[in-house]
Structure formats: C-alpha cells, structure tokens
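Enquirer: Structure supplied as start15.cif; contents: mmCIF, C-alpha atoms and all ligand atoms.
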```
data_work
loop_
_atom_site.group_PDB
_atom_site.id
_atom_site.type_symbol
_atom_site.label_atom_id
_atom_site.label_comp_id
_atom_site.auth_asym_id
_atom_site.auth_seq_id
_atom_site.Cartn_x
_atom_site.Cartn_y
_atom_site.Cartn_z
ATOM 1 C CA MET M 1 0.000 0.000 0.000
ATOM 2 C CA SER M 2 1.302 3.439 -0.898
ATOM 3 C CA ASP M 3 0.085 6.034 1.519
ATOM 4 C CA VAL M 4 2.901 8.525 1.774
ATOM 5 C CA LEU M 5 3.474 11.315 -0.740
ATOM 6 C CA LEU M 6 7.186 11.611 -1.560
ATOM 7 C CA LEU M 7 8.450 15.084 -2.416
ATOM 8 C CA ASN M 8 11.794 16.040 -3.844
ATOM 9 C CA ALA M 9 13.987 18.535 -1.995
ATOM 10 C CA ASP M 10 12.178 21.323 -3.909
ATOM 11 C CA ALA M 11 8.826 20.312 -2.335
ATOM 12 C CA GLN M 12 7.391 19.055 -5.650
ATOM 13 C CA PRO M 13 6.562 15.352 -6.099
ATOM 14 C CA THR M 14 9.614 13.451 -7.364
ATOM 15 C CA ASN M 15 7.382 12.083 -10.087
ATOM 16 C CA TYR M 16 3.866 12.689 -11.405
ATOM 17 C CA LEU M 17 3.638 9.867 -13.918
ATOM 18 C CA PRO M 18 2.792 7.998 -11.828
ATOM 19 C CA LEU M 19 2.600 10.139 -8.701
ATOM 20 C CA SER M 20 5.495 9.405 -6.335
ATOM 21 C CA LEU M 21 3.984 7.475 -3.448
ATOM 22 C CA ILE M 22 5.741 5.165 -1.019
ATOM 23 C CA SER M 23 4.515 2.737 1.621
ATOM 24 C CA TRP M 24 4.366 3.808 5.253
ATOM 25 C CA LYS M 25 7.047 1.199 6.047
ATOM 26 C CA ALA M 26 9.425 2.745 3.529
ATOM 27 C CA SER M 27 8.739 6.179 4.971
ATOM 28 C CA ILE M 28 9.676 4.989 8.485
ATOM 29 C CA THR M 29 12.864 3.420 7.124
ATOM 30 C CA TYR M 30 13.846 6.655 5.343
ATOM 31 C CA LEU M 31 13.119 8.546 8.517
ATOM 32 C CA TRP M 32 15.440 6.306 10.537
ATOM 33 C CA MET M 33 18.111 6.736 7.849
ATOM 34 C CA ASP M 34 17.678 10.508 8.148
ATOM 35 C CA LYS M 35 16.922 10.843 4.419
ATOM 36 C CA ILE M 36 13.625 12.669 4.737
ATOM 37 C CA THR M 37 11.805 15.384 6.646
ATOM 38 C CA VAL M 38 8.164 14.785 7.551
ATOM 39 C CA LEU M 39 5.875 17.646 6.480
ATOM 40 C CA ASP M 40 2.573 16.143 7.519
ATOM 41 C CA TRP M 41 1.293 13.191 9.551
ATOM 42 C CA TYR M 42 -1.864 11.108 9.567
ATOM 43 C CA ASP M 43 -3.477 12.254 12.812
ATOM 44 C CA ASP M 44 -5.341 9.065 13.515
ATOM 45 C CA TRP M 45 -2.910 6.438 12.318
ATOM 46 C CA LEU M 46 -0.438 4.927 14.764
ATOM 47 C CA VAL M 47 1.847 1.957 14.173
ATOM 48 C CA ARG M 48 3.315 0.026 17.064
ATOM 49 C CA SER M 49 6.035 -2.470 17.664
ATOM 50 C CA THR M 50 7.147 -3.963 20.999
ATOM 51 C CA ASN M 51 9.428 -1.043 21.827
ATOM 52 C CA TRP M 52 8.334 1.858 19.695
ATOM 53 C CA GLU M 53 5.258 3.656 18.493
ATOM 54 C CA THR M 54 4.919 6.272 15.780
ATOM 55 C CA LYS M 55 2.373 8.182 13.777
ATOM 56 C CA VAL M 56 2.447 7.528 10.017
ATOM 57 C CA PRO M 57 3.754 10.332 7.769
ATOM 58 C CA ALA M 58 1.364 11.634 5.097
ATOM 59 C CA VAL M 59 3.895 13.817 3.262
ATOM 60 C CA VAL M 60 7.671 13.492 3.334
ATOM 61 C CA MET M 61 10.396 15.491 1.621
ATOM 62 C CA LEU M 62 13.811 14.223 0.565
ATOM 63 C CA LYS M 63 16.728 16.045 2.167
ATOM 64 C CA LYS M 64 18.829 15.624 -0.962
ATOM 65 C CA MET M 65 17.556 16.595 -4.406
ATOM 66 C CA GLN M 66 16.933 13.593 -6.651
ATOM 67 C CA ARG M 67 17.292 13.916 -10.418
ATOM 68 C CA ARG M 68 13.990 13.805 -12.261
ATOM 69 C CA ARG M 69 13.478 11.657 -15.317
ATOM 70 C CA ALA M 70 11.834 14.077 -17.700
ATOM 71 C CA TYR M 71 10.678 11.948 -20.591
ATOM 72 C CA SER M 72 7.272 10.808 -21.715
ATOM 73 C CA ARG M 73 7.259 7.041 -22.058
ATOM 74 C CA PHE M 74 4.624 5.646 -24.411
ATOM 75 C CA SER M 75 2.107 3.766 -22.293
ATOM 76 C CA LYS M 76 -1.643 3.321 -22.202
ATOM 77 C CA THR M 77 -1.977 5.496 -19.086
ATOM 78 C CA ASN M 78 0.221 8.282 -20.467
ATOM 79 C CA LEU M 79 -1.666 8.236 -23.763
ATOM 80 C CA PHE M 80 -5.020 8.529 -21.983
ATOM 81 C CA ILE M 81 -3.587 11.478 -20.031
ATOM 82 C CA ARG M 82 -2.463 13.141 -23.284
ATOM 83 C CA ASP M 83 -5.993 12.769 -24.655
ATOM 84 C CA LEU M 84 -7.541 13.726 -21.267
ATOM 85 C CA TYR M 85 -9.570 10.481 -21.178
ATOM 86 C CA THR M 86 -11.572 11.743 -24.156
ATOM 87 C CA CYS M 87 -12.451 9.695 -27.217
ATOM 88 C CA GLN M 88 -10.694 11.390 -30.128
ATOM 89 C CA TYR M 89 -13.551 10.542 -32.503
ATOM 90 C CA CYS M 90 -16.748 11.480 -30.647
ATOM 91 C CA ARG M 91 -15.061 13.837 -28.117
ATOM 92 C CA LYS M 92 -16.898 12.371 -25.134
ATOM 93 C CA SER M 93 -15.145 11.745 -21.823
ATOM 94 C CA TYR M 94 -14.797 8.211 -20.541
ATOM 95 C CA THR M 95 -13.288 6.315 -17.657
ATOM 96 C CA ARG M 96 -10.242 4.165 -18.288
ATOM 97 C CA ARG M 97 -12.420 1.046 -18.408
ATOM 98 C CA ASP M 98 -14.402 2.301 -21.402
ATOM 99 C CA LEU M 99 -11.480 3.536 -23.456
ATOM 100 C CA THR M 100 -9.264 1.636 -25.849
ATOM 101 C CA LEU M 101 -6.177 2.453 -27.866
ATOM 102 C CA ASP M 102 -6.964 3.076 -31.512
ATOM 103 C CA HIS M 103 -4.390 2.918 -34.298
ATOM 104 C CA VAL M 104 -5.179 5.769 -36.724
ATOM 105 C CA VAL M 105 -3.449 3.839 -39.493
ATOM 106 C CA PRO M 106 -4.447 0.267 -38.564
ATOM 107 C CA LEU M 107 -1.740 -2.246 -37.647
ATOM 108 C CA SER M 108 -2.987 -4.382 -40.541
ATOM 109 C CA ARG M 109 -2.074 -1.541 -42.914
ATOM 110 C CA GLY M 110 1.379 -1.022 -41.505
ATOM 111 C CA GLY M 111 0.479 1.506 -38.776
ATOM 112 C CA GLU M 112 2.835 1.703 -35.828
ATOM 113 C CA THR M 113 2.194 1.612 -32.086
ATOM 114 C CA ALA M 114 3.636 5.049 -31.390
ATOM 115 C CA TRP M 115 2.520 8.408 -29.997
ATOM 116 C CA GLU M 116 1.994 9.762 -33.533
ATOM 117 C CA ASN M 117 -0.338 6.947 -34.619
ATOM 118 C CA VAL M 118 -2.391 6.065 -31.535
ATOM 119 C CA VAL M 119 -5.340 7.866 -29.953
ATOM 120 C CA ALA M 120 -7.812 7.168 -27.172
ATOM 121 C CA ALA M 121 -11.138 5.893 -28.524
ATOM 122 C CA CYS M 122 -14.324 4.656 -26.924
ATOM 123 C CA VAL M 123 -15.346 1.071 -27.616
ATOM 124 C CA SER M 124 -18.178 2.139 -29.925
ATOM 125 C CA CYS M 125 -16.048 4.452 -32.116
ATOM 126 C CA ASN M 126 -13.267 1.903 -32.122
ATOM 127 C CA SER M 127 -15.519 -0.808 -33.502
ATOM 128 C CA LYS M 128 -17.144 1.600 -35.995
ATOM 129 C CA LYS M 129 -13.725 2.499 -37.293
ATOM 130 C CA ALA M 130 -12.310 -1.040 -37.349
ATOM 131 C CA ASN M 131 -9.852 -1.297 -40.239
ATOM 132 C CA LYS M 132 -11.090 1.731 -42.139
ATOM 133 C CA THR M 133 -8.887 4.784 -42.628
ATOM 134 C CA ASP M 134 -11.564 7.312 -43.627
ATOM 135 C CA MET M 135 -12.517 7.997 -39.987
ATOM 136 C CA LYS M 136 -10.014 10.556 -38.674
ATOM 137 C CA PRO M 137 -9.443 11.698 -35.085
ATOM 138 C CA LYS M 138 -10.504 15.281 -34.275
ATOM 139 C CA SER M 139 -6.905 16.282 -33.695
ATOM 140 C CA ALA M 140 -3.716 14.712 -34.952
ATOM 141 C CA PRO M 141 -1.898 12.520 -32.420
ATOM 142 C CA TYR M 142 1.502 13.826 -31.286
ATOM 143 C CA LYS M 143 4.304 12.964 -28.912
ATOM 144 C CA PRO M 144 3.802 15.057 -25.774
ATOM 145 C CA ASP M 145 6.755 16.196 -23.725
ATOM 146 C CA TYR M 146 6.967 15.337 -20.052
ATOM 147 C CA PHE M 147 5.810 18.773 -18.862
ATOM 148 C CA ASP M 148 2.806 18.726 -21.180
ATOM 149 C CA LEU M 149 1.759 15.398 -19.643
ATOM 150 C CA VAL M 150 2.348 16.640 -16.095
ATOM 151 C CA ALA M 151 0.199 19.724 -16.762
ATOM 152 C CA LYS M 152 -2.594 17.538 -18.121
ATOM 153 C CA CYS M 153 -2.183 15.076 -15.290
ATOM 154 C CA LYS M 154 -2.855 17.897 -12.830
ATOM 155 C CA ARG M 155 -6.139 18.652 -14.594
ATOM 156 C CA LEU M 156 -7.259 15.072 -14.031
ATOM 157 C CA ASP M 157 -7.973 13.490 -10.698
ATOM 158 C CA LEU M 158 -4.793 12.542 -8.925
ATOM 159 C CA PRO M 159 -4.918 10.240 -5.911
ATOM 160 C CA ASN M 160 -5.492 12.221 -2.742
ATOM 161 C CA LYS M 161 -5.327 10.195 0.449
ATOM 162 C CA HIS M 162 -4.519 12.992 2.850
ATOM 163 C CA LYS M 163 -6.028 16.478 2.853
ATOM 164 C CA SER M 164 -2.596 18.130 2.716
ATOM 165 C CA TRP M 165 -1.600 16.394 -0.540
ATOM 166 C CA SER M 166 -3.480 18.830 -2.752
ATOM 167 C CA THR M 167 -1.217 21.636 -1.480
ATOM 168 C CA TYR M 168 1.852 19.896 -2.836
ATOM 169 C CA ILE M 169 0.389 18.410 -6.002
ATOM 170 C CA SER M 170 -1.287 21.482 -7.447
HETATM 171 ZN ZN ZN M 201 -16.146 7.717 -29.282
#
```
Could the structure of this file be written out as structure tokens, please?
Ligand SMILES: [Zn+2]
Expert:
Amino acid sequence: MSDVLLLNADAQPTNYLPLSLISWKASITYLWMDKITVLDWYDDWLVRSTNWETKVPAVVMLKKMQRRRAYSRFSKTNLFIRDLYTCQYCRKSYTRRDLTLDHVVPLSRGGETAWENVVAACVSCNSKKANKTDMKPKSAPYKPDYFDLVAKCKRLDLPNKHKSWSTYIS
C-alpha cells in the first residue's frame, strides 16, 4: 500500500507519472536513515512495535535533491492522459475502463504503435472504425513532452489520500 506522498527537496513530487507514493514502512525506514523530513502526519494512524510507536507520515520530503526523469514514455496510461480520457472521434469523456487504444493507421495496414499513430477511442467508435482509414481523429496525435503530460495530469484526478496532498500536487 502506498500512503505517503514523496516530495523532492524542492517540495514538488519526485514524479507525477505515476505520482510518487511510497509505503508507510518505507517512509519509516527513510526517517530512521535521516533521508527525509516529515511535512505532515496522519493524525489518527499509529503503528506500534514492541518497543516503539509512531504516527504515520502523510507527506515526506527528501533532504537531498533527486534527479527527475523528464521523458514521456509511451504507455496506455500516459496516452489517456495526453488525450484527457476523451475519445478522439466522438469527443466524449470516458473512464479508463471504457477507453481503448486506436491505431489511426491500422496495424494491418502497416500503422505503428507510437505516440503519432495512436489515440484514445471509446469502444463504440473503435468498432465503428475497425480497419477503415476514412474515420479521422478530431486532432492529430503527437508525442507530448513530459511537462505537457504533467500539466494535463494535474487537470485530471490525482490520488489524494490525505487532505494536505493537494497543497503539494497542485
Ligand atoms: Zn467515441
């Protein structure tokens, strides 16, 4: 279980894609190793062992800046973020469960699985389109950069387990 928001030394999450979360056990270990500062605690969550007791951190910050990987890997989740969970044919919003990846130029016609040839599509548009090429997405697919994805990610619902997280994520 990942319940602790991990921030870099600049107080921004170390990663947004996916959001940098660690388990409470890892947070306690980092604390003992003096690698982090706790910025917020869960008020009503205590963990106990035979000779110690502690509250569980909700937000922790690294003492030393960690390098960020700023690239946008092609993945289903990242592609849905680029398209804001919207079908690129009918423009309606969907949940992840109702969206599929659609190859603009079908695989059967030599289309590639790449940012520039794949869009989010709802099941109904996807089956209407099938192997045809005359149905075009509303906007041309493109390779987003990392910061573009992070900005879009912030417009979508990010996990928010503790009330203080929104301060650091937004
Ligand atoms: Zn659709």
Enquirer: Here is a test: counting all atoms listed in the file, which residue of M:Leu149, M:Met135, M:Leu107, M:Cys87 is nearest to ligand ZN 201 (chain M)?
Expert: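 Looking only at the distances to ligand ZN 201 (chain M), the closest residue turns out to be M:Cys87.
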Enquirer: Evaluated on this file, the PyMOL selection byres (((chain M and resi 169) around 10) and not hetatm) picks out some residues - which ones are they, written as a PyMOL selection string?
Expert: chain M and resi 5+7+11-13+16+19+154+158-160+164-168+170
Enquirer: Quick one: apply the PyMOL selection byres (((chain M and resi 25-40) around 9) and not hetatm) to the file and drop the selected residues here as a short mmCIF file (atom, residue, chain, number, x, y, z; two decimals) with C-alpha atoms, in the frame of the given file.
Expert:
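Full text of selection02.cif as output:
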```
data_model
loop_
_atom_site.label_atom_id
_atom_site.label_comp_id
_atom_site.auth_asym_id
_atom_site.auth_seq_id
_atom_site.Cartn_x
_atom_site.Cartn_y
_atom_site.Cartn_z
CA VAL M 4 2.90 8.52 1.77
CA LEU M 6 7.19 11.61 -1.56
CA ALA M 9 13.99 18.54 -2.00
CA ILE M 22 5.74 5.16 -1.02
CA SER M 23 4.51 2.74 1.62
CA TRP M 24 4.37 3.81 5.25
CA TRP M 41 1.29 13.19 9.55
CA TYR M 42 -1.86 11.11 9.57
CA ASP M 43 -3.48 12.25 12.81
CA THR M 54 4.92 6.27 15.78
CA VAL M 56 2.45 7.53 10.02
CA PRO M 57 3.75 10.33 7.77
CA ALA M 58 1.36 11.63 5.10
CA VAL M 59 3.90 13.82 3.26
CA VAL M 60 7.67 13.49 3.33
CA MET M 61 10.40 15.49 1.62
CA LEU M 62 13.81 14.22 0.56
CA LYS M 63 16.73 16.05 2.17
CA LYS M 64 18.83 15.62 -0.96
CA SER M 164 -2.60 18.13 2.72
#
```
Enquirer: Ligand ZN 201 (chain M): which residues are within 9 Å, counting only C-alpha atoms and all ligand atoms? Reply as JSON, numbers by chain.
Expert: {"M": [86, 87, 88, 89, 90, 91, 92, 93, 94, 99, 120, 121, 122, 123, 124, 125, 126]}
Enquirer: Return the single residue from M:Thr133, M:Gln66, M:Thr77, M:Asn15 that is closest to Arg97 of chain M, with distances computed using only C-alpha atoms.
Expert: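 So, comparing all the options, the nearest one is M:Thr77.
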Enquirer: For a quick check of understanding, using all atoms listed in the file, which of M:Asn131, M:Thr14, M:Asn51, M:Ser2 has the smallest distance to Val150 of chain M?
Expert: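 Nearest candidate to Val150 of chain M out of M:Asn131, M:Thr14, M:Asn51, M:Ser2: M:Thr14.
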